[in-house]
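These notes concern the structure reproduced below.
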Amino acid sequence: MLTHIGEQLRDTVGIIESKAAYVQVLDRKARRTIYAEAVDPDVYESGTLSPGQRAHLAELGWSDPKTDLLPYDEPAYAAEWRGANLAREWPRSASAPEIVETLARTLAVYGLEASDELEINVFPATV
């Protein structure tokens, strides 16, 4: 399902929710990179990520700005982060399928299964 929405995420804010987690992608045309966040359920008291899950998310490129110094390639995105979620960026040259694959693998870390329903909301990006 996610592969069908990849191109829709360009120049937008996209939020993809499953029963266990959500990811959001902020692609602002005027910026050099594409920014994303993945929920940290510990912050919202809606669950706990195990050390293994956190390690797997780190392997997928996610950082926790609460504990890690996150070297934003596009410093303007630092203002998007509100102090709770995991964050990462992709270069603008990243393909939609590459981004979607990472998002799918990310949601799988949280327990997404192929049969799970997703709620997908896509909004126009504003600079």
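Simple scheme: letters A, B, ... for chains in structure tokens order, numbers from 1 for residues in each chain, numbers from 1 for ligands in the order shown.
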Using only C-alpha atoms, determine which residues lie at most 12 Å from region 44-56 of chain A, disregarding the query and same-chain residues fewer than 3 positions distant; provide the list as a PDB file with all heavy atoms, in the first residue's frame.
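What ended up in around-v4.pdb:
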```pdb
ATOM      1  N   LYS A  19      -1.894   1.027  13.641  1.00  0.00           N
ATOM      2  CA  LYS A  19      -2.453   0.869  14.990  1.00  0.00           C
ATOM      3  C   LYS A  19      -1.396   1.057  16.077  1.00  0.00           C
ATOM      4  O   LYS A  19      -1.719   1.375  17.209  1.00  0.00           O
ATOM      5  CB  LYS A  19      -3.137  -0.491  15.137  1.00  0.00           C
ATOM      6  CG  LYS A  19      -2.191  -1.669  15.003  1.00  0.00           C
ATOM      7  CD  LYS A  19      -2.924  -2.982  15.077  1.00  0.00           C
ATOM      8  CE  LYS A  19      -1.955  -4.133  14.878  1.00  0.00           C
ATOM      9  NZ  LYS A  19      -2.632  -5.393  14.750  1.00  0.00           N
ATOM     10  N   ALA A  20      -0.133   0.883  15.740  1.00  0.00           N
ATOM     11  CA  ALA A  20       0.917   0.927  16.752  1.00  0.00           C
ATOM     12  C   ALA A  20       1.787   2.175  16.704  1.00  0.00           C
ATOM     13  O   ALA A  20       2.466   2.479  17.676  1.00  0.00           O
ATOM     14  CB  ALA A  20       1.813  -0.300  16.612  1.00  0.00           C
ATOM     15  N   ALA A  21       1.796   2.885  15.571  1.00  0.00           N
ATOM     16  CA  ALA A  21       2.751   3.978  15.438  1.00  0.00           C
ATOM     17  C   ALA A  21       2.370   4.884  14.280  1.00  0.00           C
ATOM     18  O   ALA A  21       1.454   4.598  13.522  1.00  0.00           O
ATOM     19  CB  ALA A  21       4.151   3.415  15.209  1.00  0.00           C
ATOM     20  N   ALA A  38       9.438   9.759  13.388  1.00  0.00           N
ATOM     21  CA  ALA A  38       8.756   8.525  13.797  1.00  0.00           C
ATOM     22  C   ALA A  38       8.431   8.677  15.275  1.00  0.00           C
ATOM     23  O   ALA A  38       9.247   9.176  16.053  1.00  0.00           O
ATOM     24  CB  ALA A  38       9.647   7.307  13.564  1.00  0.00           C
ATOM     25  N   VAL A  39       7.256   8.246  15.651  1.00  0.00           N
ATOM     26  CA  VAL A  39       6.792   8.433  17.020  1.00  0.00           C
ATOM     27  C   VAL A  39       7.713   7.738  18.027  1.00  0.00           C
ATOM     28  O   VAL A  39       8.246   6.665  17.755  1.00  0.00           O
ATOM     29  CB  VAL A  39       5.338   7.931  17.178  1.00  0.00           C
ATOM     30  CG1 VAL A  39       5.246   6.432  17.031  1.00  0.00           C
ATOM     31  CG2 VAL A  39       4.756   8.365  18.513  1.00  0.00           C
ATOM     32  N   ASP A  40       7.902   8.382  19.148  1.00  0.00           N
ATOM     33  CA  ASP A  40       8.568   7.760  20.284  1.00  0.00           C
ATOM     34  C   ASP A  40       7.485   7.497  21.323  1.00  0.00           C
ATOM     35  O   ASP A  40       7.081   8.406  22.054  1.00  0.00           O
ATOM     36  CB  ASP A  40       9.649   8.664  20.854  1.00  0.00           C
ATOM     37  CG  ASP A  40      10.442   8.001  21.970  1.00  0.00           C
ATOM     38  OD1 ASP A  40       9.975   6.968  22.511  1.00  0.00           O
ATOM     39  OD2 ASP A  40      11.519   8.503  22.317  1.00  0.00           O
ATOM     40  N   PRO A  41       6.948   6.275  21.378  1.00  0.00           N
ATOM     41  CA  PRO A  41       5.802   6.005  22.259  1.00  0.00           C
ATOM     42  C   PRO A  41       6.110   6.205  23.740  1.00  0.00           C
ATOM     43  O   PRO A  41       5.202   6.463  24.520  1.00  0.00           O
ATOM     44  CB  PRO A  41       5.444   4.553  21.953  1.00  0.00           C
ATOM     45  CG  PRO A  41       6.671   3.956  21.375  1.00  0.00           C
ATOM     46  CD  PRO A  41       7.384   5.079  20.669  1.00  0.00           C
ATOM     47  N   GLU A  59      19.531   1.747  12.843  1.00  0.00           N
ATOM     48  CA  GLU A  59      20.059   1.156  11.603  1.00  0.00           C
ATOM     49  C   GLU A  59      19.325   1.683  10.379  1.00  0.00           C
ATOM     50  O   GLU A  59      19.896   1.753   9.290  1.00  0.00           O
ATOM     51  CB  GLU A  59      19.945  -0.365  11.649  1.00  0.00           C
ATOM     52  CG  GLU A  59      20.876  -1.024  12.634  1.00  0.00           C
ATOM     53  CD  GLU A  59      20.557  -2.499  12.852  1.00  0.00           C
ATOM     54  OE1 GLU A  59      19.684  -3.062  12.142  1.00  0.00           O
ATOM     55  OE2 GLU A  59      21.169  -3.090  13.753  1.00  0.00           O
ATOM     56  N   LEU A  60      18.068   2.058  10.555  1.00  0.00           N
ATOM     57  CA  LEU A  60      17.273   2.607   9.454  1.00  0.00           C
ATOM     58  C   LEU A  60      17.496   4.112   9.281  1.00  0.00           C
ATOM     59  O   LEU A  60      16.873   4.743   8.435  1.00  0.00           O
ATOM     60  CB  LEU A  60      15.787   2.330   9.681  1.00  0.00           C
ATOM     61  CG  LEU A  60      15.375   0.863   9.588  1.00  0.00           C
ATOM     62  CD1 LEU A  60      13.922   0.692  10.037  1.00  0.00           C
ATOM     63  CD2 LEU A  60      15.569   0.342   8.175  1.00  0.00           C
ATOM     64  N   GLY A  61      18.378   4.683  10.103  1.00  0.00           N
ATOM     65  CA  GLY A  61      18.726   6.091   9.952  1.00  0.00           C
ATOM     66  C   GLY A  61      18.037   7.051  10.902  1.00  0.00           C
ATOM     67  O   GLY A  61      18.239   8.254  10.810  1.00  0.00           O
ATOM     68  N   TRP A  62      17.249   6.524  11.839  1.00  0.00           N
ATOM     69  CA  TRP A  62      16.538   7.384  12.783  1.00  0.00           C
ATOM     70  C   TRP A  62      17.455   7.735  13.947  1.00  0.00           C
ATOM     71  O   TRP A  62      18.190   6.898  14.441  1.00  0.00           O
ATOM     72  CB  TRP A  62      15.283   6.687  13.310  1.00  0.00           C
ATOM     73  CG  TRP A  62      14.289   6.425  12.237  1.00  0.00           C
ATOM     74  CD1 TRP A  62      14.118   5.251  11.559  1.00  0.00           C
ATOM     75  CD2 TRP A  62      13.352   7.339  11.685  1.00  0.00           C
ATOM     76  NE1 TRP A  62      13.130   5.381  10.624  1.00  0.00           N
ATOM     77  CE2 TRP A  62      12.644   6.659  10.678  1.00  0.00           C
ATOM     78  CE3 TRP A  62      13.041   8.669  11.934  1.00  0.00           C
ATOM     79  CZ2 TRP A  62      11.627   7.272   9.934  1.00  0.00           C
ATOM     80  CZ3 TRP A  62      12.041   9.277  11.206  1.00  0.00           C
ATOM     81  CH2 TRP A  62      11.344   8.581  10.219  1.00  0.00           C
ATOM     82  N   SER A  63      17.372   8.977  14.407  1.00  0.00           N
ATOM     83  CA  SER A  63      18.105   9.442  15.580  1.00  0.00           C
ATOM     84  C   SER A  63      17.114   9.987  16.585  1.00  0.00           C
ATOM     85  O   SER A  63      16.009  10.397  16.221  1.00  0.00           O
ATOM     86  CB  SER A  63      19.084  10.553  15.202  1.00  0.00           C
ATOM     87  OG  SER A  63      20.086  10.062  14.356  1.00  0.00           O
ATOM     88  N   ASP A  64      17.517  10.009  17.828  1.00  0.00           N
ATOM     89  CA  ASP A  64      16.678  10.562  18.879  1.00  0.00           C
ATOM     90  C   ASP A  64      17.292  11.879  19.336  1.00  0.00           C
ATOM     91  O   ASP A  64      18.260  11.886  20.099  1.00  0.00           O
ATOM     92  CB  ASP A  64      16.576   9.584  20.049  1.00  0.00           C
ATOM     93  CG  ASP A  64      15.573  10.031  21.096  1.00  0.00           C
ATOM     94  OD1 ASP A  64      15.149  11.211  21.060  1.00  0.00           O
ATOM     95  OD2 ASP A  64      15.209   9.203  21.947  1.00  0.00           O
ATOM     96  N   GLY A  83      10.447  18.098  20.211  1.00  0.00           N
ATOM     97  CA  GLY A  83      10.951  17.569  21.460  1.00  0.00           C
ATOM     98  C   GLY A  83      10.528  16.176  21.844  1.00  0.00           C
ATOM     99  O   GLY A  83      10.725  15.779  22.976  1.00  0.00           O
ATOM    100  N   ALA A  84       9.947  15.424  20.923  1.00  0.00           N
ATOM    101  CA  ALA A  84       9.463  14.119  21.333  1.00  0.00           C
ATOM    102  C   ALA A  84       9.911  12.982  20.424  1.00  0.00           C
ATOM    103  O   ALA A  84      10.358  11.955  20.903  1.00  0.00           O
ATOM    104  CB  ALA A  84       7.936  14.134  21.409  1.00  0.00           C
ATOM    105  N   ASN A  85       9.775  13.116  19.141  1.00  0.00           N
ATOM    106  CA  ASN A  85       9.923  11.987  18.228  1.00  0.00           C
ATOM    107  C   ASN A  85      11.344  11.758  17.730  1.00  0.00           C
ATOM    108  O   ASN A  85      12.215  12.604  17.868  1.00  0.00           O
ATOM    109  CB  ASN A  85       8.990  12.187  17.030  1.00  0.00           C
ATOM    110  CG  ASN A  85       7.544  12.134  17.438  1.00  0.00           C
ATOM    111  OD1 ASN A  85       7.172  11.380  18.332  1.00  0.00           O
ATOM    112  ND2 ASN A  85       6.716  12.925  16.794  1.00  0.00           N
ATOM    113  N   LEU A  86      11.530  10.596  17.122  1.00  0.00           N
ATOM    114  CA  LEU A  86      12.771  10.288  16.426  1.00  0.00           C
ATOM    115  C   LEU A  86      12.762  11.055  15.104  1.00  0.00           C
ATOM    116  O   LEU A  86      11.687  11.349  14.564  1.00  0.00           O
ATOM    117  CB  LEU A  86      12.863   8.789  16.165  1.00  0.00           C
ATOM    118  CG  LEU A  86      12.669   7.890  17.392  1.00  0.00           C
ATOM    119  CD1 LEU A  86      12.722   6.421  16.983  1.00  0.00           C
ATOM    120  CD2 LEU A  86      13.700   8.183  18.455  1.00  0.00           C
ATOM    121  N   THR A 102      11.865   2.731   3.534  1.00  0.00           N
ATOM    122  CA  THR A 102      12.324   3.021   4.896  1.00  0.00           C
ATOM    123  C   THR A 102      11.137   3.232   5.832  1.00  0.00           C
ATOM    124  O   THR A 102      11.142   2.740   6.973  1.00  0.00           O
ATOM    125  CB  THR A 102      13.244   4.248   4.915  1.00  0.00           C
ATOM    126  OG1 THR A 102      14.356   4.009   4.049  1.00  0.00           O
ATOM    127  CG2 THR A 102      13.751   4.546   6.317  1.00  0.00           C
ATOM    128  N   ARG A 105       9.623  -0.193   6.568  1.00  0.00           N
ATOM    129  CA  ARG A 105      10.473  -0.943   7.489  1.00  0.00           C
ATOM    130  C   ARG A 105      10.418  -0.346   8.893  1.00  0.00           C
ATOM    131  O   ARG A 105      10.474  -1.063   9.893  1.00  0.00           O
ATOM    132  CB  ARG A 105      11.902  -0.993   6.955  1.00  0.00           C
ATOM    133  CG  ARG A 105      11.998  -1.860   5.691  1.00  0.00           C
ATOM    134  CD  ARG A 105      13.367  -1.877   5.079  1.00  0.00           C
ATOM    135  NE  ARG A 105      14.344  -2.447   6.004  1.00  0.00           N
ATOM    136  CZ  ARG A 105      15.646  -2.252   5.908  1.00  0.00           C
ATOM    137  NH1 ARG A 105      16.145  -1.505   4.937  1.00  0.00           N
ATOM    138  NH2 ARG A 105      16.465  -2.801   6.773  1.00  0.00           N
ATOM    139  N   THR A 106      10.289   0.975   8.960  1.00  0.00           N
ATOM    140  CA  THR A 106      10.163   1.644  10.256  1.00  0.00           C
ATOM    141  C   THR A 106       8.889   1.208  10.956  1.00  0.00           C
ATOM    142  O   THR A 106       8.912   0.822  12.138  1.00  0.00           O
ATOM    143  CB  THR A 106      10.175   3.175  10.068  1.00  0.00           C
ATOM    144  OG1 THR A 106      11.455   3.547   9.504  1.00  0.00           O
ATOM    145  CG2 THR A 106       9.948   3.900  11.383  1.00  0.00           C
ATOM    146  N   LEU A 107       7.768   1.266  10.253  1.00  0.00           N
ATOM    147  CA  LEU A 107       6.499   0.853  10.861  1.00  0.00           C
ATOM    148  C   LEU A 107       6.524  -0.620  11.251  1.00  0.00           C
ATOM    149  O   LEU A 107       5.912  -1.012  12.245  1.00  0.00           O
ATOM    150  CB  LEU A 107       5.334   1.165   9.929  1.00  0.00           C
ATOM    151  CG  LEU A 107       5.005   2.661   9.792  1.00  0.00           C
ATOM    152  CD1 LEU A 107       3.972   2.883   8.694  1.00  0.00           C
ATOM    153  CD2 LEU A 107       4.532   3.243  11.117  1.00  0.00           C
ATOM    154  N   ALA A 108       7.263  -1.442  10.502  1.00  0.00           N
ATOM    155  CA  ALA A 108       7.388  -2.864  10.854  1.00  0.00           C
ATOM    156  C   ALA A 108       8.101  -3.039  12.193  1.00  0.00           C
ATOM    157  O   ALA A 108       7.783  -3.947  12.961  1.00  0.00           O
ATOM    158  CB  ALA A 108       8.112  -3.627   9.747  1.00  0.00           C
ATOM    159  N   VAL A 109       9.058  -2.154  12.491  1.00  0.00           N
ATOM    160  CA  VAL A 109       9.738  -2.216  13.793  1.00  0.00           C
ATOM    161  C   VAL A 109       8.727  -2.030  14.919  1.00  0.00           C
ATOM    162  O   VAL A 109       8.833  -2.645  15.978  1.00  0.00           O
ATOM    163  CB  VAL A 109      10.854  -1.153  13.880  1.00  0.00           C
ATOM    164  CG1 VAL A 109      11.419  -1.053  15.295  1.00  0.00           C
ATOM    165  CG2 VAL A 109      11.970  -1.458  12.882  1.00  0.00           C
ATOM    166  N   TYR A 110       7.719  -1.212  14.671  1.00  0.00           N
ATOM    167  CA  TYR A 110       6.679  -0.970  15.667  1.00  0.00           C
ATOM    168  C   TYR A 110       5.615  -2.059  15.683  1.00  0.00           C
ATOM    169  O   TYR A 110       4.702  -2.017  16.496  1.00  0.00           O
ATOM    170  CB  TYR A 110       5.989   0.363  15.388  1.00  0.00           C
ATOM    171  CG  TYR A 110       6.845   1.580  15.632  1.00  0.00           C
ATOM    172  CD1 TYR A 110       7.568   2.156  14.602  1.00  0.00           C
ATOM    173  CD2 TYR A 110       6.903   2.175  16.889  1.00  0.00           C
ATOM    174  CE1 TYR A 110       8.333   3.294  14.807  1.00  0.00           C
ATOM    175  CE2 TYR A 110       7.663   3.306  17.112  1.00  0.00           C
ATOM    176  CZ  TYR A 110       8.383   3.858  16.063  1.00  0.00           C
ATOM    177  OH  TYR A 110       9.137   4.972  16.283  1.00  0.00           O
ATOM    178  N   GLY A 111       5.683  -3.008  14.750  1.00  0.00           N
ATOM    179  CA  GLY A 111       4.732  -4.107  14.743  1.00  0.00           C
ATOM    180  C   GLY A 111       3.749  -4.116  13.587  1.00  0.00           C
ATOM    181  O   GLY A 111       2.824  -4.917  13.571  1.00  0.00           O
TER     182      GLY A 111
END
```
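Closest approach to Tyr77 (chain A) among A:Ser95, A:Glu113, A:Asp11, A:Glu89: A:Glu89, based on only C-alpha atoms.
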Inset, instruction - List the neighbours of Pro124 (chain A) out to 9 Å using only C-alpha atoms; skip same-chain residues closer than 3 positions along the sequence, and give me the result as a ChimeraX atom specification. - result: /A:11-14
Dump N, CA and C atoms for the selected residues as a PDB file, in the first residue's frame?
```pdb
ATOM      1  N   ASP A  11       6.584  17.463  -1.937  1.00  0.00           N
ATOM      2  CA  ASP A  11       6.077  18.817  -1.705  1.00  0.00           C
ATOM      3  C   ASP A  11       4.870  18.825  -0.782  1.00  0.00           C
ATOM      4  N   THR A  12       4.895  17.971   0.215  1.00  0.00           N
ATOM      5  CA  THR A  12       3.757  17.837   1.115  1.00  0.00           C
ATOM      6  C   THR A  12       4.213  17.527   2.536  1.00  0.00           C
ATOM      7  N   VAL A  13       3.232  17.495   3.405  1.00  0.00           N
ATOM      8  CA  VAL A  13       3.391  16.915   4.731  1.00  0.00           C
ATOM      9  C   VAL A  13       2.516  15.674   4.716  1.00  0.00           C
ATOM     10  N   GLY A  14       3.113  14.513   4.915  1.00  0.00           N
ATOM     11  CA  GLY A  14       2.365  13.267   4.903  1.00  0.00           C
ATOM     12  C   GLY A  14       2.460  12.582   6.245  1.00  0.00           C
TER      13      GLY A  14
END
```
Inset, instruction - Determine which residues of chain A receive a DSSP assignment of helix (DSSP H, G or I), computed from the backbone, and state them as a PyMOL selection string. - result: chain A and resi 2-4+6-9+51-59+75-79+96-109
Convert the current residue selection to file output with N, CA and C atoms, as a tab-separated table (two decimals), in the first residue's frame.
```tsv
chain	number	residue	atom	x	y	z
A	2	LEU	N	1.91	1.28	0.80
A	2	LEU	CA	2.73	2.48	0.87
A	2	LEU	C	3.38	2.82	-0.46
A	3	THR	N	3.69	1.82	-1.27
A	3	THR	CA	4.35	2.10	-2.54
A	3	THR	C	3.47	2.97	-3.44
A	4	HIS	N	2.16	2.92	-3.27
A	4	HIS	CA	1.26	3.71	-4.11
A	4	HIS	C	1.22	5.17	-3.72
A	6	GLY	N	3.98	6.95	-2.57
A	6	GLY	CA	5.31	7.56	-2.56
A	6	GLY	C	5.39	8.89	-3.27
A	7	GLU	N	4.88	8.97	-4.48
A	7	GLU	CA	4.96	10.22	-5.21
A	7	GLU	C	4.06	11.29	-4.61
A	8	GLN	N	3.00	10.91	-3.91
A	8	GLN	CA	2.13	11.89	-3.28
A	8	GLN	C	2.82	12.63	-2.15
A	9	LEU	N	3.90	12.06	-1.62
A	9	LEU	CA	4.57	12.69	-0.49
A	9	LEU	C	5.49	13.83	-0.90
A	51	PRO	N	15.27	-1.82	23.66
A	51	PRO	CA	16.60	-1.47	23.14
A	51	PRO	C	16.83	-2.04	21.74
A	52	GLY	N	16.32	-3.24	21.47
A	52	GLY	CA	16.46	-3.83	20.14
A	52	GLY	C	15.72	-3.04	19.08
A	53	GLN	N	14.52	-2.58	19.41
A	53	GLN	CA	13.76	-1.76	18.46
A	53	GLN	C	14.48	-0.44	18.21
A	54	ARG	N	14.98	0.18	19.28
A	54	ARG	CA	15.71	1.44	19.10
A	54	ARG	C	16.96	1.23	18.23
A	55	ALA	N	17.64	0.11	18.43
A	55	ALA	CA	18.82	-0.19	17.61
A	55	ALA	C	18.43	-0.39	16.15
A	56	HIS	N	17.32	-1.09	15.91
A	56	HIS	CA	16.86	-1.31	14.54
A	56	HIS	C	16.47	0.01	13.89
A	57	LEU	N	15.79	0.87	14.62
A	57	LEU	CA	15.45	2.19	14.09
A	57	LEU	C	16.70	3.00	13.77
A	58	ALA	N	17.71	2.90	14.61
A	58	ALA	CA	18.98	3.59	14.34
A	58	ALA	C	19.62	3.06	13.06
A	59	GLU	N	19.53	1.75	12.84
A	59	GLU	CA	20.06	1.16	11.60
A	59	GLU	C	19.32	1.68	10.38
A	75	PRO	N	19.26	22.83	8.34
A	75	PRO	CA	19.05	23.34	9.70
A	75	PRO	C	17.63	23.86	9.97
A	76	ALA	N	16.94	24.32	8.94
A	76	ALA	CA	15.58	24.84	9.16
A	76	ALA	C	14.66	23.77	9.71
A	77	TYR	N	14.93	22.50	9.44
A	77	TYR	CA	14.08	21.44	9.96
A	77	TYR	C	14.22	21.27	11.48
A	78	ALA	N	15.30	21.77	12.06
A	78	ALA	CA	15.44	21.67	13.51
A	78	ALA	C	14.27	22.37	14.20
A	79	ALA	N	13.73	23.38	13.57
A	79	ALA	CA	12.59	24.09	14.14
A	79	ALA	C	11.30	23.28	14.06
A	96	ALA	N	11.36	8.28	-4.27
A	96	ALA	CA	10.15	8.00	-3.49
A	96	ALA	C	10.13	6.54	-3.03
A	97	PRO	N	10.46	5.56	-3.90
A	97	PRO	CA	10.47	4.17	-3.40
A	97	PRO	C	11.45	3.93	-2.25
A	98	GLU	N	12.59	4.61	-2.28
A	98	GLU	CA	13.58	4.47	-1.19
A	98	GLU	C	12.99	4.99	0.13
A	99	ILE	N	12.35	6.14	0.06
A	99	ILE	CA	11.75	6.72	1.26
A	99	ILE	C	10.62	5.83	1.77
A	100	VAL	N	9.76	5.40	0.88
A	100	VAL	CA	8.63	4.56	1.26
A	100	VAL	C	9.11	3.24	1.86
A	101	GLU	N	10.16	2.66	1.30
A	101	GLU	CA	10.71	1.41	1.85
A	101	GLU	C	11.18	1.62	3.29
A	102	THR	N	11.87	2.73	3.53
A	102	THR	CA	12.32	3.02	4.90
A	102	THR	C	11.14	3.23	5.83
A	103	LEU	N	10.11	3.93	5.36
A	103	LEU	CA	8.93	4.15	6.20
A	103	LEU	C	8.24	2.83	6.52
A	104	ALA	N	8.12	1.95	5.54
A	104	ALA	CA	7.49	0.64	5.75
A	104	ALA	C	8.30	-0.19	6.74
A	105	ARG	N	9.62	-0.19	6.57
A	105	ARG	CA	10.47	-0.94	7.49
A	105	ARG	C	10.42	-0.35	8.89
A	106	THR	N	10.29	0.98	8.96
A	106	THR	CA	10.16	1.64	10.26
A	106	THR	C	8.89	1.21	10.96
A	107	LEU	N	7.77	1.27	10.25
A	107	LEU	CA	6.50	0.85	10.86
A	107	LEU	C	6.52	-0.62	11.25
A	108	ALA	N	7.26	-1.44	10.50
A	108	ALA	CA	7.39	-2.86	10.85
A	108	ALA	C	8.10	-3.04	12.19
A	109	VAL	N	9.06	-2.15	12.49
A	109	VAL	CA	9.74	-2.22	13.79
A	109	VAL	C	8.73	-2.03	14.92
```
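For the pair CA of Val25 (chain A) and CA of Ser115 (chain A), the interatomic distance is 22.6 Å.
If you look at CA of Asp27 (chain A) and CA of Asp116 (chain A), they are 25.6 Å away from each other.
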